[in-house]
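Encoded as structure tokens, the structure appears first; notes follow it.
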Amino acid sequence: MLELIDLIEKSSGTIHSDFRRWFGKYPAAASWTVVSDFSVGDPGKQNDAYSFVIIPKHDTDENIASYIAATSPSDLKSSRTPPKGLLDYLCCPVTFSVSFLVSRASASLRLAVTQEAMSSLVPELRKIVADWTEAEPPNAAYYGALDHRLRLLESELARRQPSLNLLRRIFLVTSFAAVALGMVNDAKSPISIRWISDRDAMFDRHDGVAFDLAWLLFQIMRRRKGGVVDLRRPQIAFASPGMDGRTEYAEFVRMPDFLAGTLADIKLPQMMFTHRKFPPIFERLLVDSPNNAVVELREDDDRVMSRRVGFGLPTVSVERAGIKAGVD
């Protein structure tokens, strides 16, 4: 996974630059939120899409949720036309998104995320956790619980027929999340980052080991970059709908939902969609966009390739987008 993250980082230099420029006026040592949603495993879609929307703390959660609820009361699946209010918010100076696109033909990148690669990584992570436990006695209880979840994951990977599709998605999501968290940390040295993700089977596995993997990969990557590492920050918190028994985060998750759903549907390079609601979302959010970036990962012969994908003018109309008439 570290090699995959390195590959993504090499193709994402301009995204990091755009992120720094977009949030240049925001001070360091602030609090940030990363909200994610995914459209994966749908045989009717062209791609698997993983979207992360990054938001500095510019208002209360209640005010942000109220605005989205008032202007965009439905998620993408329930919407026949794109809600202008939500698209406005995803283009305004307080949001930045990075989405990862994996063609369905790449079968979740089996070349990169093999059972062998996953099986060899987990013991290495456990060794790192053991070293950190020794170096940080006050955090021993947390590291002990983390190691227990890693041990469960290690046992599953050792089975004769583990759930490889689900496990690949877990490792992909955690790698993408580590990139998004690292982008915020590198640019803004935040006090805290909260990652909110929609409810998914990936986050139920082994008591939420996906959150642990993302945190570990983020910590490893920041240490590899060198320099002084402040272990006190950022404080990273994880949340999903209903995780605390009361907060659903429906309005927050609606933001990456629209991005992931649109990118999952797009057929490249023909630029075709299956429904009339997708081209307006695509044109507003992704064509010549300074704050909504896309990274494509694909298999090419015997290697995995990563590249930033930009969509420029001429703009895409419903007809030019290749909409199939009569498809809902």
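Starting from 1 in every chain, residues are counted up; chains themselves are A, B, ... following the order of the structure tokens, and ligands are numbered from 1 as listed.
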Enumerate the residues of region 49-234 of chain A with a DSSP assignment of alpha helix (DSSP H), computed from the backbone, and present them as a PyMOL selection string. chain A and resi 61-71+84-91+115-135+140-157+164-188+209-224
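The neighbours of region 195-197 of chain A here are the residues that come within 7 Å of it, using only C-alpha atoms and leaving out any residue fewer than 6 positions away in the same chain; they are Thr33, Val34, Val35, Ser36, Asp37, Ala237, Phe238, Ala239, Ser240 and Val253 of chain A.
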Within region 94-307 of chain A, find each residue whose DSSP state, derived from the backbone, is strand (DSSP E or B), and express the selection as a PyMOL selection string. chain A and resi 96-103+192-197+235-239+267+272+287+292-300+303-307
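With only C-alpha atoms as the atoms that count, the residue of A:Ala145, A:Leu167, A:Met118, A:Leu263 with the shortest distance to Phe203 (chain A) is A:Leu167.
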Region 206-268 of chain A near region 121-134 of chain A within 10 Å: what's each residue's closest atom pair and its distance in Å to one decimal, counting only C-alpha atoms, ordered by chain then ascending residue number, as a Markdown table?
| residue | atom | partner | partner_atom | distance |
| --- | --- | --- | --- | --- |
| A:Leu213 | CA | A:Leu125 | CA | 8.7 |
| A:Leu216 | CA | A:Leu125 | CA | 7.7 |
| A:Leu217 | CA | A:Leu125 | CA | 8.8 |
| A:Ile220 | CA | A:Ile128 | CA | 9.0 |
Could you write out the selected residues, including N, CA and C atoms, as a PDB file, in the first residue's frame?
ATOM      1  N   LEU A 213      -6.185   1.413   9.878  1.00  0.00           N
ATOM      2  CA  LEU A 213      -5.244   1.326   8.762  1.00  0.00           C
ATOM      3  C   LEU A 213      -4.970   2.704   8.171  1.00  0.00           C
ATOM      4  N   LEU A 216      -2.722   4.591  10.551  1.00  0.00           N
ATOM      5  CA  LEU A 216      -1.362   4.066  10.513  1.00  0.00           C
ATOM      6  C   LEU A 216      -0.630   4.492   9.247  1.00  0.00           C
ATOM      7  N   LEU A 217      -1.294   4.359   8.094  1.00  0.00           N
ATOM      8  CA  LEU A 217      -0.654   4.729   6.841  1.00  0.00           C
ATOM      9  C   LEU A 217      -0.342   6.224   6.810  1.00  0.00           C
ATOM     10  N   ILE A 220       2.712   6.760   9.066  1.00  0.00           N
ATOM     11  CA  ILE A 220       3.935   6.259   8.437  1.00  0.00           C
ATOM     12  C   ILE A 220       4.392   7.196   7.331  1.00  0.00           C
TER      13      ILE A 220
END
Give me the residues within 10 Å of Val102 (chain A) as a PyMOL selection string, counting only C-alpha atoms and dropping any in the same chain fewer than 6 places off. chain A and resi 40+46-50+108-109+263-264+295-299+306
Neighbours of Gly13 (chain A) within 12 Å (only C-alpha atoms; same-chain residues fewer than 4 positions away dropped), as a list of chain:residue names? A:Asp6, A:Leu7, A:Ile8, A:Glu9, A:Ser17, A:Asp18, A:Phe19, A:Arg20, A:Val179, A:Met183, A:Ala293, A:Val295, A:Ser306, A:Arg307, A:Arg308
For the selection you just gave me, I'd like the residues written to a file as a tab-separated table (two decimals), in the first residue's frame, keeping all heavy atoms.
chain	number	residue	atom	x	y	z
A	6	ASP	N	2.68	6.14	-2.71
A	6	ASP	CA	3.77	6.87	-3.36
A	6	ASP	C	3.43	7.16	-4.82
A	6	ASP	O	3.70	8.26	-5.33
A	6	ASP	CB	5.06	6.05	-3.30
A	6	ASP	CG	5.71	6.06	-1.93
A	6	ASP	OD1	5.45	7.02	-1.16
A	6	ASP	OD2	6.47	5.12	-1.61
A	7	LEU	N	2.83	6.18	-5.49
A	7	LEU	CA	2.45	6.36	-6.89
A	7	LEU	C	1.42	7.48	-7.02
A	7	LEU	O	1.52	8.35	-7.90
A	7	LEU	CB	1.88	5.05	-7.44
A	7	LEU	CG	1.45	5.04	-8.91
A	7	LEU	CD1	2.65	5.24	-9.81
A	7	LEU	CD2	0.73	3.72	-9.24
A	8	ILE	N	0.42	7.47	-6.14
A	8	ILE	CA	-0.61	8.52	-6.17
A	8	ILE	C	0.01	9.89	-5.89
A	8	ILE	O	-0.31	10.88	-6.56
A	8	ILE	CB	-1.71	8.20	-5.16
A	8	ILE	CG1	-2.47	6.93	-5.56
A	8	ILE	CG2	-2.69	9.38	-5.03
A	8	ILE	CD1	-3.40	6.41	-4.48
A	9	GLU	N	0.90	9.94	-4.92
A	9	GLU	CA	1.51	11.21	-4.56
A	9	GLU	C	2.31	11.79	-5.72
A	9	GLU	O	2.31	13.01	-5.95
A	9	GLU	CB	2.41	11.04	-3.34
A	9	GLU	CG	1.67	10.69	-2.06
A	9	GLU	CD	1.08	11.91	-1.37
A	9	GLU	OE1	0.27	12.63	-2.01
A	9	GLU	OE2	1.41	12.16	-0.21
A	17	SER	N	-0.63	21.52	-4.88
A	17	SER	CA	-0.44	22.96	-5.14
A	17	SER	C	-1.78	23.68	-5.19
A	17	SER	O	-1.92	24.78	-4.64
A	17	SER	CB	0.31	23.16	-6.46
A	17	SER	OG	1.59	22.57	-6.41
A	18	ASP	N	-2.76	23.07	-5.86
A	18	ASP	CA	-4.08	23.68	-5.94
A	18	ASP	C	-4.72	23.79	-4.56
A	18	ASP	O	-5.39	24.78	-4.25
A	18	ASP	CB	-4.99	22.87	-6.86
A	18	ASP	CG	-4.62	23.00	-8.33
A	18	ASP	OD1	-3.81	23.90	-8.65
A	18	ASP	OD2	-5.12	22.21	-9.14
A	19	PHE	N	-4.52	22.77	-3.73
A	19	PHE	CA	-5.07	22.78	-2.38
A	19	PHE	C	-4.47	23.93	-1.57
A	19	PHE	O	-5.19	24.68	-0.90
A	19	PHE	CB	-4.80	21.45	-1.70
A	19	PHE	CG	-5.35	21.34	-0.31
A	19	PHE	CD1	-6.64	20.88	-0.09
A	19	PHE	CD2	-4.59	21.70	0.80
A	19	PHE	CE1	-7.16	20.79	1.19
A	19	PHE	CE2	-5.09	21.60	2.08
A	19	PHE	CZ	-6.38	21.15	2.28
A	20	ARG	N	-3.15	24.08	-1.64
A	20	ARG	CA	-2.50	25.16	-0.90
A	20	ARG	C	-2.98	26.53	-1.38
A	20	ARG	O	-3.23	27.44	-0.58
A	20	ARG	CB	-0.98	25.07	-1.07
A	20	ARG	CG	-0.35	23.87	-0.39
A	20	ARG	CD	1.14	23.79	-0.71
A	20	ARG	NE	1.75	22.57	-0.18
A	20	ARG	CZ	2.25	22.44	1.03
A	20	ARG	NH1	2.22	23.46	1.87
A	20	ARG	NH2	2.79	21.30	1.42
A	179	VAL	N	-3.90	9.63	1.86
A	179	VAL	CA	-3.49	10.71	0.95
A	179	VAL	C	-4.25	12.00	1.28
A	179	VAL	O	-3.65	13.08	1.35
A	179	VAL	CB	-3.72	10.30	-0.51
A	179	VAL	CG1	-3.51	11.49	-1.45
A	179	VAL	CG2	-2.79	9.15	-0.90
A	183	MET	N	-2.65	15.44	2.74
A	183	MET	CA	-2.75	16.70	2.02
A	183	MET	C	-3.08	17.85	2.96
A	183	MET	O	-2.47	18.92	2.89
A	183	MET	CB	-3.83	16.58	0.93
A	183	MET	CG	-3.91	17.76	-0.01
A	183	MET	SD	-5.19	17.54	-1.26
A	183	MET	CE	-4.61	16.03	-2.05
A	293	ALA	N	-10.69	17.89	-7.65
A	293	ALA	CA	-9.66	17.17	-8.40
A	293	ALA	C	-9.99	15.68	-8.51
A	293	ALA	O	-10.65	15.10	-7.64
A	293	ALA	CB	-8.31	17.35	-7.71
A	295	VAL	N	-8.21	11.82	-9.50
A	295	VAL	CA	-7.06	10.96	-9.77
A	295	VAL	C	-7.59	9.64	-10.33
A	295	VAL	O	-8.46	9.00	-9.72
A	295	VAL	CB	-6.22	10.69	-8.51
A	295	VAL	CG1	-5.11	9.68	-8.80
A	295	VAL	CG2	-5.64	11.99	-7.96
A	306	SER	N	-1.16	5.76	-12.28
A	306	SER	CA	-1.93	6.79	-11.60
A	306	SER	C	-1.71	8.11	-12.33
A	306	SER	O	-0.57	8.43	-12.70
A	306	SER	CB	-1.49	6.92	-10.14
A	306	SER	OG	-2.12	8.02	-9.52
A	307	ARG	N	-2.77	8.85	-12.54
A	307	ARG	CA	-2.63	10.15	-13.19
A	307	ARG	C	-3.76	11.07	-12.74
A	307	ARG	O	-4.85	10.62	-12.40
A	307	ARG	CB	-2.67	10.02	-14.72
A	307	ARG	CG	-4.00	9.46	-15.25
A	307	ARG	CD	-4.03	9.42	-16.77
A	307	ARG	NE	-5.29	8.89	-17.27
A	307	ARG	CZ	-5.64	8.87	-18.56
A	307	ARG	NH1	-4.80	9.33	-19.47
A	307	ARG	NH2	-6.80	8.37	-18.94
A	308	ARG	N	-3.46	12.34	-12.70
A	308	ARG	CA	-4.51	13.32	-12.46
A	308	ARG	C	-5.26	13.53	-13.77
A	308	ARG	O	-4.66	13.67	-14.84
A	308	ARG	CB	-3.94	14.65	-11.99
A	308	ARG	CG	-5.05	15.67	-11.71
A	308	ARG	CD	-4.54	17.00	-11.22
A	308	ARG	NE	-5.68	17.84	-10.87
A	308	ARG	CZ	-5.58	19.05	-10.36
A	308	ARG	NH1	-4.38	19.57	-10.13
A	308	ARG	NH2	-6.65	19.75	-10.06
